[in-house]
file data38.txt (compact mmCIF, C-alpha atoms)
# COMPACT_ATOMS: atom_id res chain seq x y z
CA MET A 1 -17.26 -0.71 -37.61
CA HIS A 2 -17.17 0.23 -33.96
CA LEU A 3 -14.68 2.81 -32.70
CA GLU A 4 -13.60 3.68 -29.17
CA ILE A 5 -11.09 6.39 -28.33
CA ILE A 6 -9.94 6.08 -24.73
CA THR A 7 -7.62 8.27 -22.69
CA PRO A 8 -6.62 7.60 -19.07
CA ASP A 9 -8.94 10.42 -17.98
CA LYS A 10 -12.02 9.54 -19.95
CA LYS A 11 -13.61 8.01 -23.00
CA LEU A 12 -13.38 10.53 -25.80
CA PHE A 13 -15.51 8.85 -28.41
CA GLU A 14 -17.56 5.71 -28.91
CA ASP A 15 -19.76 5.01 -31.93
CA GLU A 16 -20.18 3.25 -35.25
CA VAL A 17 -18.03 4.92 -37.90
CA GLN A 18 -17.20 4.66 -41.59
CA TYR A 19 -13.59 5.67 -41.73
CA ILE A 20 -10.74 6.53 -39.37
CA SER A 21 -7.54 8.30 -40.31
CA LEU A 22 -4.66 7.81 -37.87
CA PRO A 23 -1.17 9.29 -37.42
CA GLY A 24 0.92 6.09 -37.54
CA ILE A 25 4.45 6.24 -36.22
CA ASP A 26 5.81 5.65 -39.74
CA GLY A 27 3.21 7.79 -41.49
CA GLY A 28 -0.52 8.29 -41.52
CA PHE A 29 -2.94 5.56 -42.52
CA GLY A 30 -6.65 4.92 -42.68
CA ILE A 31 -8.91 2.16 -41.50
CA LEU A 32 -12.08 1.15 -43.33
CA ASP A 33 -14.75 -1.37 -42.45
CA LYS A 34 -13.65 -5.00 -41.97
CA HIS A 35 -9.99 -4.25 -41.61
CA ALA A 36 -7.68 -7.15 -40.72
CA PRO A 37 -6.46 -7.42 -37.10
CA LEU A 38 -3.83 -4.75 -36.50
CA ILE A 39 -1.81 -3.23 -33.69
CA SER A 40 0.03 -0.04 -34.47
CA ALA A 41 1.88 2.63 -32.55
CA LEU A 42 0.73 6.21 -33.11
CA LYS A 43 2.57 9.46 -32.90
CA LYS A 44 1.43 12.97 -31.98
CA GLY A 45 -1.16 14.15 -34.48
CA THR A 46 -4.81 14.21 -35.37
CA VAL A 47 -7.23 11.32 -35.46
CA GLN A 48 -9.93 12.07 -37.98
CA VAL A 49 -13.14 10.12 -37.76
CA THR A 50 -15.91 9.99 -40.36
CA ASP A 51 -19.06 8.80 -38.62
CA LYS A 52 -22.00 7.03 -40.22
CA LEU A 53 -23.65 10.34 -41.10
CA SER A 54 -20.43 11.30 -42.93
CA ALA A 55 -19.74 14.01 -40.39
CA LYS A 56 -16.11 14.47 -39.49
CA HIS A 57 -14.64 14.63 -35.98
CA ASN A 58 -11.08 15.55 -35.12
CA PHE A 59 -9.16 14.47 -32.01
CA GLU A 60 -5.70 15.71 -31.18
CA ILE A 61 -3.57 13.00 -29.61
CA ASN A 62 -0.12 12.97 -28.07
CA GLY A 63 0.82 9.53 -29.30
CA GLY A 64 -0.81 6.25 -28.44
CA VAL A 65 -1.63 2.87 -29.86
CA VAL A 66 -4.47 1.42 -31.92
CA GLU A 67 -5.86 -2.10 -31.97
CA VAL A 68 -8.20 -3.43 -34.64
CA LEU A 69 -9.93 -6.72 -33.93
CA ASN A 70 -13.21 -8.20 -35.19
CA ASN A 71 -14.31 -4.93 -36.75
CA LYS A 72 -13.74 -3.16 -33.44
CA VAL A 73 -11.19 -0.37 -33.27
CA VAL A 74 -9.75 0.79 -29.97
CA VAL A 75 -7.51 3.85 -29.90
CA LEU A 76 -5.56 4.32 -26.68
CA ALA A 77 -4.65 7.98 -26.84
CA GLU A 78 -2.72 10.25 -24.55
CA MET B 79 -19.78 20.25 40.35
CA ALA B 80 -18.74 22.29 37.35
CA ASN B 81 -19.84 25.85 36.98
CA LEU B 82 -23.12 26.07 35.04
CA LYS B 83 -21.90 28.74 32.66
CA GLU B 84 -18.67 26.90 31.94
CA VAL B 85 -20.51 23.74 31.00
CA ARG B 86 -22.90 25.68 28.82
CA ASN B 87 -20.01 27.26 26.95
CA ARG B 88 -18.38 23.90 26.39
CA ILE B 89 -21.61 22.47 25.03
CA VAL B 90 -21.82 25.33 22.56
CA SER B 91 -18.22 24.88 21.39
CA VAL B 92 -18.47 21.10 21.06
CA THR B 93 -21.70 21.47 19.10
CA SER B 94 -20.09 23.81 16.62
CA THR B 95 -17.11 21.47 16.29
CA GLN B 96 -19.54 18.67 15.57
CA GLN B 97 -21.16 20.74 12.87
CA ILE B 98 -17.79 21.32 11.24
CA THR B 99 -16.73 17.68 11.36
CA SER B 100 -20.02 16.45 9.97
CA ALA B 101 -19.80 19.01 7.16
CA MET B 102 -16.26 17.88 6.40
CA LYS B 103 -17.46 14.31 6.36
CA MET B 104 -20.06 15.15 3.75
CA VAL B 105 -17.59 17.09 1.63
CA SER B 106 -15.19 14.16 1.74
CA ALA B 107 -17.94 11.76 0.78
CA ALA B 108 -18.72 13.84 -2.30
CA LYS B 109 -15.05 14.14 -3.23
CA LEU B 110 -14.56 10.44 -2.68
CA ARG B 111 -17.27 9.69 -5.21
CA ARG B 112 -15.54 11.85 -7.78
CA ALA B 113 -12.15 10.28 -7.04
CA GLN B 114 -13.64 6.82 -7.38
CA ASP B 115 -15.21 7.80 -10.69
CA ALA B 116 -11.77 8.82 -11.95
CA ILE B 117 -10.43 5.38 -11.08
CA VAL B 118 -13.32 3.75 -12.90
CA GLN B 119 -12.71 6.04 -15.90
CA MET B 120 -9.11 4.95 -16.12
CA ARG B 121 -9.82 1.26 -15.89
CA PRO B 122 -10.74 0.58 -19.56
CA TYR B 123 -7.52 2.25 -20.69
CA ALA B 124 -5.38 0.28 -18.26
CA GLU B 125 -7.09 -2.98 -19.12
CA LYS B 126 -6.79 -2.49 -22.86
CA LEU B 127 -3.15 -1.57 -22.48
CA ARG B 128 -2.55 -4.72 -20.47
CA ASP B 129 -4.38 -6.78 -23.10
CA ILE B 130 -2.28 -5.43 -25.91
CA LEU B 131 0.93 -5.88 -23.94
CA GLY B 132 -0.17 -9.41 -23.13
CA ASN B 133 -0.70 -10.05 -26.81
CA LEU B 134 2.80 -8.83 -27.53
CA SER B 135 4.96 -9.93 -24.65
CA GLY B 136 4.87 -13.60 -25.59
CA SER B 137 6.45 -12.89 -28.92
CA VAL B 138 9.08 -10.42 -27.75
CA ASP B 139 11.47 -11.90 -25.23
CA ALA B 140 13.47 -10.56 -22.32
CA SER B 141 14.20 -7.26 -24.01
CA GLU B 142 10.63 -6.16 -23.33
CA GLY B 143 11.27 -3.50 -20.70
CA GLY B 144 14.12 -2.00 -22.66
CA ALA B 145 15.90 0.72 -20.77
CA TYR B 146 13.36 0.52 -17.97
CA SER B 147 14.07 -3.04 -16.88
CA VAL B 148 17.85 -2.79 -16.50
CA GLN B 149 18.77 -4.21 -13.12
CA ARG B 150 21.58 -2.23 -11.53
CA GLU B 151 23.13 -2.38 -8.10
CA PRO B 152 20.86 -0.01 -6.13
CA LYS B 153 23.46 2.58 -5.20
CA LYS B 154 21.28 5.61 -5.74
CA VAL B 155 17.67 5.32 -4.70
CA LEU B 156 14.73 7.59 -5.36
CA ILE B 157 11.73 7.41 -3.07
CA VAL B 158 8.50 8.87 -4.36
CA ALA B 159 6.19 9.59 -1.45
CA ILE B 160 2.55 10.35 -2.17
CA THR B 161 0.50 11.90 0.62
CA SER B 162 -2.30 14.44 0.82
CA ASN B 163 -2.10 18.21 0.91
CA ARG B 164 -4.29 18.51 3.97
CA GLY B 165 -4.40 16.79 7.30
CA LEU B 166 -7.33 15.62 9.43
CA ALA B 167 -7.38 12.30 7.67
CA GLY B 168 -6.50 9.98 10.54
CA ALA B 169 -3.34 7.94 10.08
CA PHE B 170 -3.39 8.42 6.31
CA ASN B 171 -0.22 10.49 6.00
CA THR B 172 1.52 9.04 9.04
CA ASN B 173 1.36 5.59 7.49
CA VAL B 174 3.14 6.71 4.33
CA LEU B 175 5.80 8.59 6.28
CA LYS B 176 6.29 5.58 8.53
CA ILE B 177 7.08 3.43 5.49
CA VAL B 178 9.43 6.10 4.17
CA ARG B 179 11.24 6.13 7.51
CA GLN B 180 11.42 2.34 7.47
CA LEU B 181 12.90 2.35 3.98
CA THR B 182 15.60 4.80 4.99
CA THR B 183 16.49 3.02 8.22
CA GLU B 184 16.24 -0.58 7.08
CA LYS B 185 16.12 -1.51 3.42
CA TYR B 186 18.21 1.40 2.13
CA ALA B 187 20.05 2.29 5.34
CA ASN B 188 23.47 2.14 3.68
CA GLN B 189 22.49 4.29 0.74
CA PHE B 190 20.72 6.67 3.10
CA ASN B 191 23.72 7.09 5.37
CA SER B 192 25.98 7.84 2.43
CA GLY B 193 23.45 10.40 1.21
CA ASN B 194 22.37 8.55 -1.90
CA VAL B 195 18.64 8.50 -1.24
CA SER B 196 16.70 11.30 -2.85
CA PHE B 197 13.01 12.11 -2.71
CA ILE B 198 10.24 13.32 -4.93
CA THR B 199 7.06 14.15 -3.11
CA VAL B 200 3.47 14.62 -4.12
CA GLY B 201 1.38 16.22 -1.40
CA LYS B 202 2.23 18.85 1.18
CA LYS B 203 2.49 16.51 4.13
CA ALA B 204 5.32 14.50 2.59
CA THR B 205 7.06 17.66 1.42
CA ASP B 206 6.91 19.10 4.93
CA TYR B 207 8.33 15.91 6.38
CA ILE B 208 11.25 15.80 3.95
CA THR B 209 12.12 19.48 4.32
CA LYS B 210 11.79 19.35 8.09
CA ASN B 211 14.26 16.48 8.25
CA LYS B 212 16.51 18.26 5.74
CA LEU B 213 16.58 15.30 3.37
CA ASN B 214 17.51 15.44 -0.27
CA LEU B 215 14.31 16.67 -1.93
CA LEU B 216 14.53 16.71 -5.74
CA SER B 217 11.14 18.22 -6.39
CA SER B 218 7.68 18.37 -4.91
CA HIS B 219 4.40 18.40 -6.74
CA ASN B 220 1.79 19.48 -4.27
CA GLU B 221 -0.31 21.11 -6.96
CA LEU B 222 -1.11 17.81 -8.68
CA PHE B 223 -4.02 17.08 -6.39
CA ASP B 224 -5.74 20.38 -7.13
CA LYS B 225 -6.83 19.00 -10.43
CA LEU B 226 -5.69 15.47 -11.04
CA THR B 227 -5.38 14.71 -14.75
CA PHE B 228 -3.17 12.36 -16.69
CA SER B 229 -1.55 15.14 -18.71
CA LEU B 230 -0.52 16.99 -15.53
CA ALA B 231 0.91 13.85 -13.98
CA THR B 232 2.90 12.91 -17.07
CA PRO B 233 5.79 15.41 -16.70
CA VAL B 234 6.44 14.17 -13.17
CA VAL B 235 6.63 10.53 -14.13
CA GLN B 236 8.61 11.41 -17.26
CA ARG B 237 11.16 13.13 -15.04
CA ILE B 238 11.44 9.99 -12.90
CA MET B 239 11.79 7.70 -15.92
CA ASP B 240 14.41 9.95 -17.52
CA GLY B 241 16.33 10.02 -14.27
CA PHE B 242 16.37 6.25 -14.20
CA VAL B 243 17.50 5.92 -17.81
CA ASN B 244 20.24 8.55 -17.26
CA LYS B 245 21.45 6.56 -14.25
CA GLU B 246 20.59 9.37 -11.89
CA PHE B 247 19.04 6.68 -9.74
CA ASP B 248 19.25 2.91 -9.87
CA ARG B 249 15.99 2.16 -8.18
CA VAL B 250 12.71 3.98 -7.72
CA GLU B 251 10.28 3.13 -4.95
CA LEU B 252 6.71 4.35 -4.82
CA VAL B 253 5.12 4.84 -1.40
CA TYR B 254 1.41 5.61 -1.28
CA ASN B 255 -1.94 4.57 0.11
CA GLN B 256 -3.76 2.03 -1.99
CA PHE B 257 -7.49 2.49 -2.15
CA LYS B 258 -9.40 -0.62 -1.22
CA ASN B 259 -12.76 0.77 -0.21
CA ALA B 260 -14.05 3.88 1.51
CA ALA B 261 -13.03 2.64 4.93
CA VAL B 262 -9.83 0.73 4.11
CA GLN B 263 -6.56 2.16 2.84
CA ILE B 264 -3.51 -0.02 2.40
CA PRO B 265 -0.21 1.81 2.84
CA THR B 266 1.92 0.35 0.08
CA GLU B 267 5.52 0.39 -0.99
CA GLU B 268 6.18 -0.83 -4.51
CA GLN B 269 9.19 -0.92 -6.77
CA PHE B 270 8.45 1.33 -9.73
CA LEU B 271 11.73 1.04 -11.60
CA PRO B 272 13.39 -1.09 -12.79
CA VAL B 273 10.32 -2.90 -14.08
CA LEU B 274 9.97 -6.23 -12.34
CA PRO B 275 9.95 -9.06 -14.86
CA ASN B 276 6.73 -10.62 -13.63
CA GLU B 277 5.05 -7.23 -13.53
CA LEU B 278 4.26 -7.47 -17.22
CA PRO B 279 1.58 -9.96 -18.01
CA LYS B 280 2.87 -13.00 -19.78
CA ASN B 281 -0.39 -14.77 -19.21
CA ALA B 282 -2.09 -17.46 -21.19
CA LYS B 283 -3.43 -14.86 -23.61
CA LYS B 284 -0.89 -16.15 -26.10
CA ALA B 285 -3.05 -19.22 -26.63
CA VAL B 286 -5.75 -17.18 -28.37
CA SER B 287 -3.18 -15.28 -30.39
CA THR B 288 -4.75 -13.53 -33.33
CA ASP B 289 -2.77 -12.99 -36.46
CA TYR B 290 -2.17 -9.30 -35.93
CA ILE B 291 -0.48 -7.00 -38.39
CA PHE B 292 2.11 -5.04 -36.42
CA GLU B 293 2.94 -1.52 -37.50
CA PRO B 294 5.89 -0.87 -37.70
CA ASN B 295 6.95 -4.01 -35.77
CA GLN B 296 6.40 -5.70 -32.43
CA ALA B 297 9.59 -4.48 -30.76
CA THR B 298 8.83 -0.83 -31.53
CA ILE B 299 5.31 -1.15 -30.22
CA VAL B 300 6.56 -2.74 -27.02
CA THR B 301 9.11 0.02 -26.45
CA GLU B 302 6.29 2.52 -27.05
CA LEU B 303 3.96 0.77 -24.67
CA ILE B 304 6.24 0.17 -21.67
CA PRO B 305 6.60 3.88 -20.83
CA LYS B 306 2.85 4.26 -21.28
CA SER B 307 2.12 1.47 -18.88
CA LEU B 308 4.58 3.00 -16.41
CA LYS B 309 2.79 6.32 -16.69
CA VAL B 310 -0.51 4.60 -16.15
CA GLN B 311 0.92 2.81 -13.11
CA PHE B 312 2.06 6.11 -11.64
CA TYR B 313 -1.21 7.83 -12.45
CA LYS B 314 -3.09 4.98 -10.85
CA ALA B 315 -1.04 5.40 -7.68
CA LEU B 316 -2.01 9.08 -7.65
CA LEU B 317 -5.68 8.32 -8.19
CA ASP B 318 -5.60 5.62 -5.55
CA SER B 319 -3.99 7.92 -3.04
CA HIS B 320 -6.49 10.66 -3.87
CA ALA B 321 -9.47 8.39 -3.33
CA ALA B 322 -7.90 6.85 -0.25
CA GLU B 323 -7.32 10.31 1.22
CA HIS B 324 -10.98 11.20 1.03
CA GLY B 325 -11.95 7.78 2.31
CA ALA B 326 -9.64 8.20 5.27
CA ARG B 327 -10.88 11.71 5.98
CA MET B 328 -14.47 10.59 5.75
CA THR B 329 -13.86 7.85 8.32
CA ALA B 330 -11.89 10.17 10.57
CA MET B 331 -14.59 12.82 10.45
CA ASN B 332 -17.30 10.29 11.01
CA LYS B 333 -15.52 9.18 14.17
CA ALA B 334 -14.99 12.77 15.25
CA THR B 335 -18.69 13.49 14.80
CA ASP B 336 -19.59 10.44 16.87
CA ASN B 337 -17.14 11.45 19.58
CA ALA B 338 -18.58 14.94 19.66
CA LYS B 339 -22.03 13.44 20.04
CA ASP B 340 -20.91 11.39 23.04
CA LEU B 341 -19.18 14.38 24.55
CA ILE B 342 -22.28 16.53 24.18
CA LYS B 343 -24.37 13.86 25.83
CA GLU B 344 -22.00 13.72 28.80
CA LEU B 345 -21.82 17.48 29.08
CA LYS B 346 -25.59 17.80 28.93
CA LEU B 347 -25.89 15.28 31.74
CA SER B 348 -23.47 17.15 33.97
CA TYR B 349 -25.12 20.44 33.00
CA ASN B 350 -28.51 19.13 34.08
CA LYS B 351 -27.04 17.71 37.26
CA ALA B 352 -25.52 21.06 38.10
CA ARG B 353 -28.75 22.83 37.28
CA GLN B 354 -30.77 20.50 39.52
CA ALA B 355 -28.26 20.85 42.32
CA ALA B 356 -28.59 24.61 42.04
CA ILE B 357 -32.42 24.37 42.19
CA THR B 358 -32.29 22.02 45.16
CA ASN B 359 -29.95 24.43 46.88
CA GLU B 360 -32.27 27.31 46.24
CA ILE B 361 -35.30 25.44 47.57
CA LEU B 362 -33.34 24.45 50.67
CA GLU B 363 -32.43 28.07 51.22
CA ILE B 364 -36.03 29.23 50.81
CA VAL B 365 -37.37 26.52 53.12
CA GLY B 366 -34.63 27.27 55.60
CA GLY B 367 -35.45 30.97 55.44
CA ALA B 368 -39.20 30.31 55.91
CA GLU B 369 -38.49 28.04 58.89
CA ALA B 370 -36.38 30.71 60.46
CA LEU B 371 -39.18 33.28 60.05
CA ASN B 372 -41.78 30.92 61.52
CA GLY B 373 -39.58 29.94 64.38
call {"tool": "encode", "arguments": {"input": "data38.txt", "output": "structure tokens"}}
result
Amino acid sequence: MHLEIITPDKKLFEDEVQYISLPGIDGGFGILDKHAPLISALKKGTVQVTDKLSAKHNFEINGGVVEVLNNKVVVLAE
Amino acid sequence: MANLKEVRNRIVSVTSTQQITSAMKMVSAAKLRRAQDAIVQMRPYAEKLRDILGNLSGSVDASEGGAYSVQREPKKVLIVAITSNRGLAGAFNTNVLKIVRQLTTEKYANQFNSGNVSFITVGKKATDYITKNKLNLLSSHNELFDKLTFSLATPVVQRIMDGFVNKEFDRVELVYNQFKNAAVQIPTEEQFLPVLPNELPKNAKKAVSTDYIFEPNQATIVTELIPKSLKVQFYKALLDSHAAEHGARMTAMNKATDNAKDLIKELKLSYNKARQAAITNEILEIVGGAEALNG
């Protein structure tokens, strides 16, 4: 699936990924390929991304929101 | 006819002024590009945020703005004036200050006369204006433009939003220059808080509504998103003003360079005239002298 992490200043990340772990406002959760459409609020925490080479990337965010649609994930981070 | 040496000195000084203005023009052009890039960088975020809000707003009714859309009698007003830190940008700062003056003498004259209008300024020019007129300055944030990032702008806008929620002010107006293109800046006054109902997109997006899963629920997400979109709105005003400043300075410096060019041309003409007059005089003297000897 395709992931974009956007902040108001710049685009932090954009690529195909395997797995994303997100700090949901009511607890962390993960998104795998072909997830159903979802909009969720995020709290301060770490977004962990496993890319297609199974390498892990960490992004600290200060809250935000995530949208999943048509196998495309957009994280609006702060 | 002007003294030769005087004219020569003026030509030298105008030329060096021209060099300065044309250098400033080039610096502004470079900074303008960077400021424009920042606007472009922010656009995907703003658009996505608007999309998501659009997806939500149809399903959550009037409560959407929460604490930020409460309409109160505007007894206490906050005016946020955004100008630049430096001058030499044509009417850029004057335009903003003119709107501020208009607001205090017309729209909010009553509140102003009873001392219920306070100010937050971004940019040295606005700060100077407010302090010079001894108005009620809450805080100034001149340092924001040194390095304009979202995380630096957030505390300022958070302070404004908190003030509104705590009923410190009933209305917040934003005065700044909107960036249209390099040559055009639009001095703007917009109501920042309370959130205007039509400000939030309730567009036809609803028609294509996807069956989203909402975590934890729609209302929570909306209350999370409204402050974010307010912050983005404020940040956008800052970015706009920043880009507009450099645009305005570039135009002003371009004009100054052109004016200097004209001035140099005129001065050179009068310099040459004076020089020729001096030569003619000299020849006349020599011829006159020779005649006298012959005669």
call {"tool": "atom_distance", "arguments": {"input": "data38.txt", "atom1": "CA of Glu60 in chain A", "atom2": "CA of Asp240 in chain B"}}
result
25.0 Å
call {"tool": "closest_residue", "arguments": {"input": "data38.txt", "among": "A:Leu42, A:Val68, A:Val49, A:Val74", "to": "Pro23 in chain A", "atoms": "all atoms listed in the file"}}
result
A:Leu42
call {"tool": "closest_residue", "arguments": {"input": "data38.txt", "among": "A:Ile5, A:His35, A:Val17, A:Gly28", "to": "Asn71 in chain A", "atoms": "all atoms listed in the file"}}
result
A:His35
call {"tool": "interface_residues", "arguments": {"input": "data38.txt", "of": "chain A", "to": "chain B", "cutoff": "7 Å", "atoms": "only C-alpha atoms", "output": "PyMOL selection string"}}
result
chain A and resi 6-10+26+37-41+76
call {"tool": "closest_residue", "arguments": {"input": "data38.txt", "among": "B:Ser192, B:Ser348, B:Thr358, B:Gln180", "to": "Ile157 in chain B", "atoms": "all atoms listed in the file"}}
result
B:Gln180
